[in-house]
Amino acid sequence: MRTVAEVAKMIDHSLLRPQLTTSDIKAGCALAARYHVASVCVRPCDVPLAATLLAGTGVLVGTVVGFPHGSHATPIKAAETRLAIQQGAAEIDMVLNIGRLRSADPSYVEDDIRAVVTAADGALVKVILENAYLTDEQKVAGCRAAERAGAHFVKTSTGFADGGATMDDLRLMRASVSEAVQVKAAGGVRTLDILLAMADIGVTRFGATATAAILDDLDHRLRHGSPLPADLAATAATSY
């Protein structure tokens, strides 16, 4: 079984809910630092605060662009990206233009993604497809456009649509891009068993709010050979 440290570095701790207060962001960043996760993914307005709080911890700051609908004009997405990088973001999770993808306009989608990749200036870019709104053919087209545009990851969901990550979608996405592009699952990754099953089919990063519950469960299994009891797992879960 994977170690706690290995799984932690596969998690982007999500702090994107609109109702989160500054105190919630501080607490979420403290949790991320305590568990040594890969990154926190915060709202754009929270990037400077998160960058300050996480300096020197080894936890990266990520943020979202064109979130959550993907319909921002391309120059606005590029400007959002440049500002986020200037303020301390190291990773960008952008929403592709869902309507243009559904309209069979892959050139627009690709150019939109490329503008963000260029603005990120070497920072890692993850492209959110929002699979709940797409056919399988559209998912494949979105993945391929993301790879052609130079993105580093394709990602299932924002977490704000009707559906999140599914095993079938993740298999399809993994098969639709080369090994140069990684796959991120988001939306519904709430337990260790789900995360491990997805990792087994090639997913390398996970957006999660239940970070503490997932990692505490793994630690308990490694120590005791059994899952964390339900009451303790519930206590470990967070509302971030």
# chains A, B, ... in the order shown; residues from 1 in each chain; ligands from 1

$ residues_around --residues "Gly88 in chain A" --least-positions-apart "3" --cutoff "8 Å" --atoms "only C-alpha atoms" --output "PyMOL selection string"
chain A and resi 47-48+51+61+84-85

$ select_by_dssp --residues "range 92-230 of chain A" --states "strand (DSSP E or B)" --output "list of chain:residue names"
A:Ile92, A:Asp93, A:Met94, A:Val95, A:Leu124, A:Val125, A:Lys126, A:Val127, A:Ile128, A:Phe153, A:Val154, A:Lys155, A:Gln182, A:Val183, A:Lys184, A:Ala185, A:Ala186, A:Arg205, A:Phe206, A:Gly207, A:Ala208

$ write_last_selection --atoms "N, CA and C atoms" --output "short mmCIF file (atom, residue, chain, number, x, y, z; two decimals), in the first residue's frame"
data_model
loop_
_atom_site.label_atom_id
_atom_site.label_comp_id
_atom_site.auth_asym_id
_atom_site.auth_seq_id
_atom_site.Cartn_x
_atom_site.Cartn_y
_atom_site.Cartn_z
N ILE A 92 -2.27 26.33 -11.85
CA ILE A 92 -3.50 26.94 -12.35
C ILE A 92 -4.46 25.84 -12.79
N ASP A 93 -5.67 25.85 -12.22
CA ASP A 93 -6.73 24.94 -12.66
C ASP A 93 -7.75 25.77 -13.45
N MET A 94 -7.70 25.67 -14.77
CA MET A 94 -8.58 26.48 -15.62
C MET A 94 -9.76 25.65 -16.13
N VAL A 95 -10.91 26.29 -16.28
CA VAL A 95 -12.07 25.64 -16.88
C VAL A 95 -12.06 25.97 -18.38
N LEU A 124 2.43 25.07 -13.74
CA LEU A 124 1.63 23.91 -14.12
C LEU A 124 0.18 24.32 -14.37
N VAL A 125 -0.39 23.85 -15.49
CA VAL A 125 -1.77 24.16 -15.86
C VAL A 125 -2.58 22.87 -15.95
N LYS A 126 -3.71 22.84 -15.23
CA LYS A 126 -4.65 21.72 -15.28
C LYS A 126 -5.92 22.22 -15.95
N VAL A 127 -6.43 21.47 -16.90
CA VAL A 127 -7.61 21.88 -17.67
C VAL A 127 -8.82 21.09 -17.19
N ILE A 128 -9.81 21.81 -16.68
CA ILE A 128 -11.05 21.20 -16.19
C ILE A 128 -12.04 21.06 -17.34
N PHE A 153 -2.12 18.76 -17.20
CA PHE A 153 -3.12 17.85 -16.66
C PHE A 153 -4.45 18.06 -17.38
N VAL A 154 -5.26 17.01 -17.43
CA VAL A 154 -6.69 17.14 -17.68
C VAL A 154 -7.41 16.72 -16.41
N LYS A 155 -8.51 17.40 -16.12
CA LYS A 155 -9.20 17.26 -14.84
C LYS A 155 -10.69 17.07 -15.09
N GLN A 182 -0.95 14.36 -17.36
CA GLN A 182 -1.47 13.62 -16.21
C GLN A 182 -2.98 13.86 -16.06
N VAL A 183 -3.60 13.08 -15.20
CA VAL A 183 -5.05 13.15 -14.99
C VAL A 183 -5.34 13.47 -13.54
N LYS A 184 -6.23 14.44 -13.33
CA LYS A 184 -6.66 14.81 -11.98
C LYS A 184 -8.15 14.52 -11.83
N ALA A 185 -8.52 13.90 -10.71
CA ALA A 185 -9.91 13.63 -10.37
C ALA A 185 -10.38 14.63 -9.33
N ALA A 186 -11.55 15.19 -9.55
CA ALA A 186 -12.14 16.11 -8.57
C ALA A 186 -13.65 15.95 -8.62
N ARG A 205 -3.38 13.01 -9.40
CA ARG A 205 -3.68 14.12 -8.51
C ARG A 205 -5.18 14.12 -8.23
N PHE A 206 -5.53 14.56 -7.02
CA PHE A 206 -6.92 14.52 -6.56
C PHE A 206 -7.29 15.85 -5.90
N GLY A 207 -8.39 16.42 -6.30
CA GLY A 207 -8.95 17.55 -5.58
C GLY A 207 -9.85 17.02 -4.49
N ALA A 208 -9.63 17.44 -3.25
CA ALA A 208 -10.38 16.87 -2.13
C ALA A 208 -10.61 17.91 -1.05
#

$ select_by_dssp --residues "range 16-82 of chain A" --states "helix (DSSP H, G or I)" --output "VMD selection string"
chain A and resid 22 to 35 44 to 54 74 to 82

$ closest_residue --among "A:Met1, A:Ala212, A:Ala79, A:Val116" --to "Ala197 in chain A" --atoms "only C-alpha atoms"
A:Met1

$ closest_residue --among "A:Arg82, A:His69, A:His224, A:Arg174" --to "Asp121 in chain A" --atoms "only C-alpha atoms"
A:Arg82

$ residues_around --residues "Ile214 in chain A" --least-positions-apart "4" --cutoff "8 Å" --atoms "only C-alpha atoms" --output "list in words"
Arg190, Thr191, Leu192, Ala210, Leu218 and Ala237 of chain A

$ residues_around --residues "His36 in chain A" --least-positions-apart "5" --cutoff "9 Å" --atoms "only C-alpha atoms" --output "list of chain:residue names"
A:Ala5, A:Ala8, A:Lys9, A:Leu31, A:Thr57, A:Gly58, A:Val59

$ closest_residue --among "A:Ile98, A:Asp111, A:Ala213, A:Arg148" --to "His13 in chain A" --atoms "only C-alpha atoms"
A:Ala213

$ residues_around --residues "Asp112 in chain A" --least-positions-apart "4" --cutoff "8 Å" --atoms "only C-alpha atoms" --output "MDAnalysis selection string"
chainID A and resid 74 96:97 108 116

$ residues_around --residues "Lys139 in chain A" --least-positions-apart "6" --cutoff "8 Å" --atoms "only C-alpha atoms" --output "list in words"
Leu129, Asn131 and Met173 of chain A

$ residues_around --residues "Glu137 in chain A" --least-positions-apart "2" --cutoff "12 Å" --atoms "only C-alpha atoms" --output "CSV table (one decimal) with N, CA and C atoms, in the first residue's frame"
chain,number,residue,atom,x,y,z
A,101,LEU,N,-16.8,23.8,-26.6
A,101,LEU,CA,-16.5,22.4,-26.8
A,101,LEU,C,-17.8,21.7,-27.2
A,102,ARG,N,-18.9,22.0,-26.6
A,102,ARG,CA,-20.2,21.3,-27.0
A,102,ARG,C,-20.6,21.8,-28.4
A,104,ALA,N,-18.7,21.9,-30.9
A,104,ALA,CA,-17.7,21.3,-31.8
A,104,ALA,C,-16.8,22.4,-32.4
A,106,PRO,N,-13.3,22.9,-31.5
A,106,PRO,CA,-12.1,22.6,-30.8
A,106,PRO,C,-10.9,23.6,-31.0
A,131,ASN,N,-17.0,17.2,-17.0
A,131,ASN,CA,-17.5,16.1,-17.7
A,131,ASN,C,-19.0,15.9,-17.6
A,133,TYR,N,-21.3,17.7,-18.3
A,133,TYR,CA,-22.0,18.4,-19.4
A,133,TYR,C,-21.6,17.8,-20.8
A,134,LEU,N,-20.7,16.8,-20.8
A,134,LEU,CA,-20.1,16.4,-22.1
A,134,LEU,C,-20.4,15.0,-22.4
A,135,THR,N,-20.5,14.7,-23.7
A,135,THR,CA,-20.5,13.3,-24.2
A,135,THR,C,-19.1,12.8,-24.2
A,139,LYS,N,-15.5,14.7,-24.4
A,139,LYS,CA,-14.5,14.5,-23.4
A,139,LYS,C,-13.1,14.2,-24.1
A,140,VAL,N,-13.2,13.4,-25.1
A,140,VAL,CA,-11.9,13.0,-25.8
A,140,VAL,C,-11.4,14.3,-26.5
A,141,ALA,N,-12.3,15.0,-27.2
A,141,ALA,CA,-11.9,16.2,-27.9
A,141,ALA,C,-11.3,17.2,-27.0
A,142,GLY,N,-11.9,17.4,-25.8
A,142,GLY,CA,-11.3,18.3,-24.8
A,142,GLY,C,-10.0,17.9,-24.3
A,143,CYS,N,-9.8,16.6,-24.0
A,143,CYS,CA,-8.5,16.1,-23.6
A,143,CYS,C,-7.4,16.4,-24.7
A,144,ARG,N,-7.8,16.1,-25.9
A,144,ARG,CA,-6.8,16.2,-27.0
A,144,ARG,C,-6.4,17.7,-27.2
A,169,ASP,N,-15.0,7.8,-16.7
A,169,ASP,CA,-14.5,9.0,-17.3
A,169,ASP,C,-13.0,9.1,-17.1
A,172,LEU,N,-11.3,6.9,-19.6
A,172,LEU,CA,-11.4,7.5,-21.0
A,172,LEU,C,-10.4,8.6,-21.1
A,173,MET,N,-10.3,9.5,-20.1
A,173,MET,CA,-9.3,10.6,-20.1
A,173,MET,C,-7.9,10.1,-20.2
A,176,SER,N,-7.0,9.1,-23.6
A,176,SER,CA,-7.2,10.1,-24.6
A,176,SER,C,-6.0,11.1,-24.7

$ atom_distance --atom1 "CA of Val64 in chain A" --atom2 "CA of Asp168 in chain A"
24.9 Å

$ closest_residue --among "A:Glu130, A:Glu80, A:Asp24, A:Glu91" --to "Asp12 in chain A" --atoms "only C-alpha atoms"
A:Glu91

$ atom_distance --atom1 "CA of Asp216 in chain A" --atom2 "CA of Ile201 in chain A"
22.8 Å

$ closest_residue --among "A:Gly28, A:Pro75, A:Pro227, A:Pro68" --to "Ala50 in chain A" --atoms "only C-alpha atoms"
A:Gly28
